[in-house]
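Engineer: Okay, so here is run.cif, and as you'll see once you scroll down, it has mmCIF, C-alpha atoms.
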data_model
#
loop_
_atom_site.group_PDB
_atom_site.id
_atom_site.type_symbol
_atom_site.label_atom_id
_atom_site.label_comp_id
_atom_site.auth_asym_id
_atom_site.auth_seq_id
_atom_site.Cartn_x
_atom_site.Cartn_y
_atom_site.Cartn_z
ATOM 1 C CA MET A 1 18.713 40.239 -12.404
ATOM 2 C CA LYS A 2 15.614 41.363 -10.479
ATOM 3 C CA LYS A 3 13.341 39.895 -13.171
ATOM 4 C CA ARG A 4 15.158 36.547 -12.922
ATOM 5 C CA LYS A 5 14.733 36.431 -9.105
ATOM 6 C CA LYS A 6 11.058 37.386 -9.371
ATOM 7 C CA SER A 7 10.495 34.710 -12.006
ATOM 8 C CA LEU A 8 12.237 32.120 -9.848
ATOM 9 C CA VAL A 9 10.167 33.051 -6.779
ATOM 10 C CA ILE A 10 6.926 32.845 -8.773
ATOM 11 C CA SER A 11 7.931 29.469 -10.250
ATOM 12 C CA LEU A 12 8.820 28.014 -6.849
ATOM 13 C CA GLY A 13 5.563 29.315 -5.381
ATOM 14 C CA ALA A 14 3.564 27.688 -8.183
ATOM 15 C CA VAL A 15 5.338 24.364 -7.679
ATOM 16 C CA PHE A 16 4.676 24.519 -3.939
ATOM 17 C CA LEU A 17 0.974 25.232 -4.454
ATOM 18 C CA LEU A 18 0.636 22.400 -6.966
ATOM 19 C CA ALA A 19 2.399 19.996 -4.623
ATOM 20 C CA VAL A 20 0.184 20.943 -1.683
ATOM 21 C CA ALA A 21 -3.071 20.936 -3.658
ATOM 22 C CA GLY A 22 -2.268 17.861 -5.732
ATOM 23 C CA GLY A 23 -0.949 15.678 -2.924
ATOM 24 C CA ALA A 24 -4.249 15.076 -1.113
ATOM 25 C CA GLY A 25 -5.728 11.652 -1.696
ATOM 26 C CA VAL A 26 -3.108 10.499 -4.205
ATOM 27 C CA ALA A 27 -1.605 7.078 -3.591
ATOM 28 C CA TYR A 28 1.792 5.475 -3.738
ATOM 29 C CA PHE A 29 2.082 2.251 -5.672
ATOM 30 C CA VAL A 30 5.398 0.476 -5.760
ATOM 31 C CA SER A 31 5.914 -2.901 -7.350
ATOM 32 C CA ASN A 32 8.981 -5.057 -7.757
ATOM 33 C CA GLN A 33 7.368 -6.766 -10.731
ATOM 34 C CA PRO A 34 8.674 -5.439 -14.071
ATOM 35 C CA LYS A 35 5.254 -5.464 -15.772
ATOM 36 C CA THR A 36 3.867 -2.891 -13.309
ATOM 37 C CA ALA A 37 4.707 0.804 -13.478
ATOM 38 C CA THR A 38 5.939 2.663 -10.434
ATOM 39 C CA VAL A 39 4.144 5.844 -9.443
ATOM 40 C CA GLN A 40 5.162 8.047 -6.539
ATOM 41 C CA THR A 41 3.282 11.067 -5.284
ATOM 42 C CA SER A 42 2.303 12.201 -1.804
ATOM 43 C CA PRO A 43 4.394 10.763 1.059
ATOM 44 C CA ALA A 44 1.259 10.634 3.226
ATOM 45 C CA ALA A 45 -0.476 8.246 0.811
ATOM 46 C CA PRO A 46 -0.451 4.440 1.009
ATOM 47 C CA LYS A 47 2.481 2.559 -0.423
ATOM 48 C CA VAL A 48 2.044 -0.954 -1.761
ATOM 49 C CA GLN A 49 4.703 -3.491 -2.524
ATOM 50 C CA SER A 50 3.428 -6.513 -4.447
ATOM 51 C CA PRO A 51 4.564 -10.040 -3.583
ATOM 52 C CA THR A 52 8.091 -10.899 -4.627
ATOM 53 C CA LYS A 53 10.069 -14.114 -4.473
ATOM 54 C CA ASP A 54 9.956 -13.621 -0.682
ATOM 55 C CA LYS A 55 6.138 -13.821 -0.797
ATOM 56 C CA VAL A 56 5.610 -10.582 1.156
ATOM 57 C CA THR A 57 3.249 -7.670 0.433
ATOM 58 C CA THR A 58 3.523 -4.402 2.336
ATOM 59 C CA TYR A 59 1.509 -1.169 2.331
ATOM 60 C CA TYR A 60 0.589 1.674 4.657
ATOM 61 C CA GLY A 61 -2.769 2.400 6.211
ATOM 62 C CA VAL A 62 -5.268 5.036 5.148
ATOM 63 C CA LYS A 63 -7.612 6.560 7.705
ATOM 64 C CA ASP A 64 -11.006 4.771 7.800
ATOM 65 C CA LYS A 65 -10.080 2.111 5.189
ATOM 66 C CA THR A 66 -9.838 -1.570 6.078
ATOM 67 C CA ALA A 67 -6.703 -3.592 5.448
ATOM 68 C CA LEU A 68 -8.696 -5.659 2.943
ATOM 69 C CA GLU A 69 -10.041 -2.616 1.051
ATOM 70 C CA LEU A 70 -6.516 -1.307 0.555
ATOM 71 C CA LEU A 71 -5.162 -4.701 -0.459
ATOM 72 C CA GLN A 72 -7.935 -5.024 -3.063
ATOM 73 C CA LYS A 73 -7.363 -1.500 -4.347
ATOM 74 C CA TYR A 74 -3.695 -2.005 -5.169
ATOM 75 C CA THR A 75 -3.319 -5.733 -5.879
ATOM 76 C CA VAL A 76 -5.261 -8.556 -7.496
ATOM 77 C CA VAL A 77 -6.800 -10.490 -4.610
ATOM 78 C CA LYS A 78 -8.606 -13.827 -4.561
ATOM 79 C CA MET A 79 -10.457 -14.795 -1.422
ATOM 80 C CA THR A 80 -13.199 -16.859 0.053
ATOM 81 C CA GLY A 81 -15.995 -15.036 1.866
ATOM 82 C CA THR A 82 -16.521 -11.272 1.849
ATOM 83 C CA GLY A 83 -16.102 -8.262 4.127
ATOM 84 C CA GLU A 84 -15.372 -9.171 7.736
ATOM 85 C CA SER A 85 -15.498 -12.894 6.864
ATOM 86 C CA ALA A 86 -13.032 -12.702 3.960
ATOM 87 C CA PHE A 87 -10.057 -15.074 3.848
ATOM 88 C CA VAL A 88 -7.311 -14.107 1.367
ATOM 89 C CA THR A 89 -6.146 -17.034 -0.777
ATOM 90 C CA SER A 90 -4.052 -15.243 -3.440
ATOM 91 C CA ILE A 91 -2.288 -11.882 -3.862
ATOM 92 C CA ASP A 92 -1.119 -10.828 -7.335
ATOM 93 C CA GLY A 93 -1.182 -14.431 -8.512
ATOM 94 C CA VAL A 94 0.792 -15.814 -5.555
ATOM 95 C CA ALA A 95 -1.622 -18.384 -4.173
ATOM 96 C CA ALA A 96 -1.770 -20.155 -0.856
ATOM 97 C CA ASP A 97 -2.128 -23.928 -1.024
ATOM 98 C CA LYS A 98 -2.403 -26.879 1.360
ATOM 99 C CA THR A 99 1.009 -26.106 2.876
ATOM 100 C CA ASN A 100 0.723 -22.331 3.456
ATOM 101 C CA TYR A 101 -1.629 -19.375 3.991
ATOM 102 C CA TRP A 102 -1.613 -15.561 3.736
ATOM 103 C CA SER A 103 -1.373 -13.871 7.143
ATOM 104 C CA PHE A 104 -1.179 -10.172 7.927
ATOM 105 C CA ASN A 105 0.612 -8.133 10.547
ATOM 106 C CA VAL A 106 -0.022 -4.582 11.677
ATOM 107 C CA ASN A 107 3.154 -2.730 12.643
ATOM 108 C CA GLY A 108 5.006 -6.042 12.980
ATOM 109 C CA VAL A 109 2.388 -7.658 15.256
ATOM 110 C CA PRO A 110 0.019 -10.445 14.089
ATOM 111 C CA ALA A 111 -3.485 -9.056 13.533
ATOM 112 C CA THR A 112 -6.123 -10.105 16.047
ATOM 113 C CA VAL A 113 -9.045 -9.588 13.629
ATOM 114 C CA GLY A 114 -9.611 -10.299 9.952
ATOM 115 C CA ALA A 115 -8.429 -7.918 7.227
ATOM 116 C CA GLY A 116 -12.029 -6.973 6.445
ATOM 117 C CA SER A 117 -12.515 -5.881 10.063
ATOM 118 C CA TYR A 118 -9.259 -4.041 10.690
ATOM 119 C CA VAL A 119 -9.683 -0.298 10.054
ATOM 120 C CA THR A 120 -6.257 1.156 9.315
ATOM 121 C CA LYS A 121 -4.610 4.361 10.472
ATOM 122 C CA THR A 122 -2.070 6.367 8.490
ATOM 123 C CA THR A 123 0.620 5.237 10.948
ATOM 124 C CA ASP A 124 -0.033 1.532 10.269
ATOM 125 C CA LYS A 125 2.332 -0.614 8.237
ATOM 126 C CA ILE A 126 0.434 -3.655 6.969
ATOM 127 C CA THR A 127 2.475 -6.686 5.928
ATOM 128 C CA TRP A 128 1.071 -9.831 4.317
ATOM 129 C CA THR A 129 3.283 -12.916 4.399
ATOM 130 C CA LEU A 130 2.793 -16.365 2.895
ATOM 131 C CA GLU A 131 3.282 -18.526 5.990
ATOM 132 C CA LYS A 132 3.866 -22.281 6.185
ATOM 133 C CA ILE A 133 1.247 -24.315 8.018
#
Mind turning this structure into structure tokens?

Structural biologist:
Amino acid sequence: MKKRKKSLVISLGAVFLLAVAGGAGVAYFVSNQPKTATVQTSPAAPKVQSPTKDKVTTYYGVKDKTALELLQKYTVVKMTGTGESAFVTSIDGVAADKTNYWSFNVNGVPATVGAGSYVTKTTDKITWTLEKI
């Protein structure tokens, strides 16, 4: 019985250490599209939801990364311009056209700067929505 308890304690300790050591810098990626795998790791990492029929993309900020950098890291983005002057025209194949455009909100509030200028925080929830003109 003592050997079983000791083994259990050692196993739980090893799992805890792996979780703590392995969780740093690992990202969430969640997609509602069947062709994309779902991977979940550290709860402190960004989480990305690709556009669905509702034409919405959501992810969480990462310290010192711009909203555009994170969008490009986890989705396929088409845009005009670059960096601070970038204008997103398509996210994961869902393109804006003459009747709509991609806009982004930070924590439910419309952004006051471009995605290439907005430096995210881990507490930020970034939401891109295909809006009608």

Engineer: Can you list what the PyMOL selection byres ((chain A and resi 107-120) around 6) grabs from this structure, as a PyMOL selection string?

Structural biologist: chain A and resi 61-68+83-84+105-106+121+124-125

Engineer: Just give me the gap between atom CA of A:Thr89 and atom CA of A:Ile133 in Å, one decimal is fine.

Structural biologist: 13.6 Å

Engineer: Calculate how many Å separate atom CA of A:Thr122 from atom CA of A:Ala96, rounding to one decimal.

Structural biologist: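 Taking atom CA of A:Thr122 and atom CA of A:Ala96, their separation equals 28.1 Å.
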
Engineer: If you apply the PyMOL selection byres ((chain A and resi 127) around 7) to this file, what residues do you get, as JSON, numbers by chain?

Structural biologist: {"A": [56, 57, 58, 59, 104, 105, 106, 125, 126, 128, 129]}

Engineer: With all atoms listed in the file as the basis for distance, which of A:Gly81, A:Lys55, A:Glu131, A:Val88 is at the shortest distance from A:Asn100?

Structural biologist: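 Looking at the shortest contact to A:Asn100, the residue is A:Glu131.
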
Engineer: Between A:Leu70, A:Tyr60, A:Val77, A:Thr82, single out the one closest to A:Ala95, counting all atoms listed in the file.

Structural biologist: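 Going through A:Leu70, A:Tyr60, A:Val77, A:Thr82 one by one, the smallest distance to A:Ala95 is for A:Val77.
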
Engineer: Rounded to one decimal in Å, what is the spacing between atom CA of A:Ser85 and atom CA of A:Trp102?

Structural biologist: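 A separation of 14.5 Å between them.
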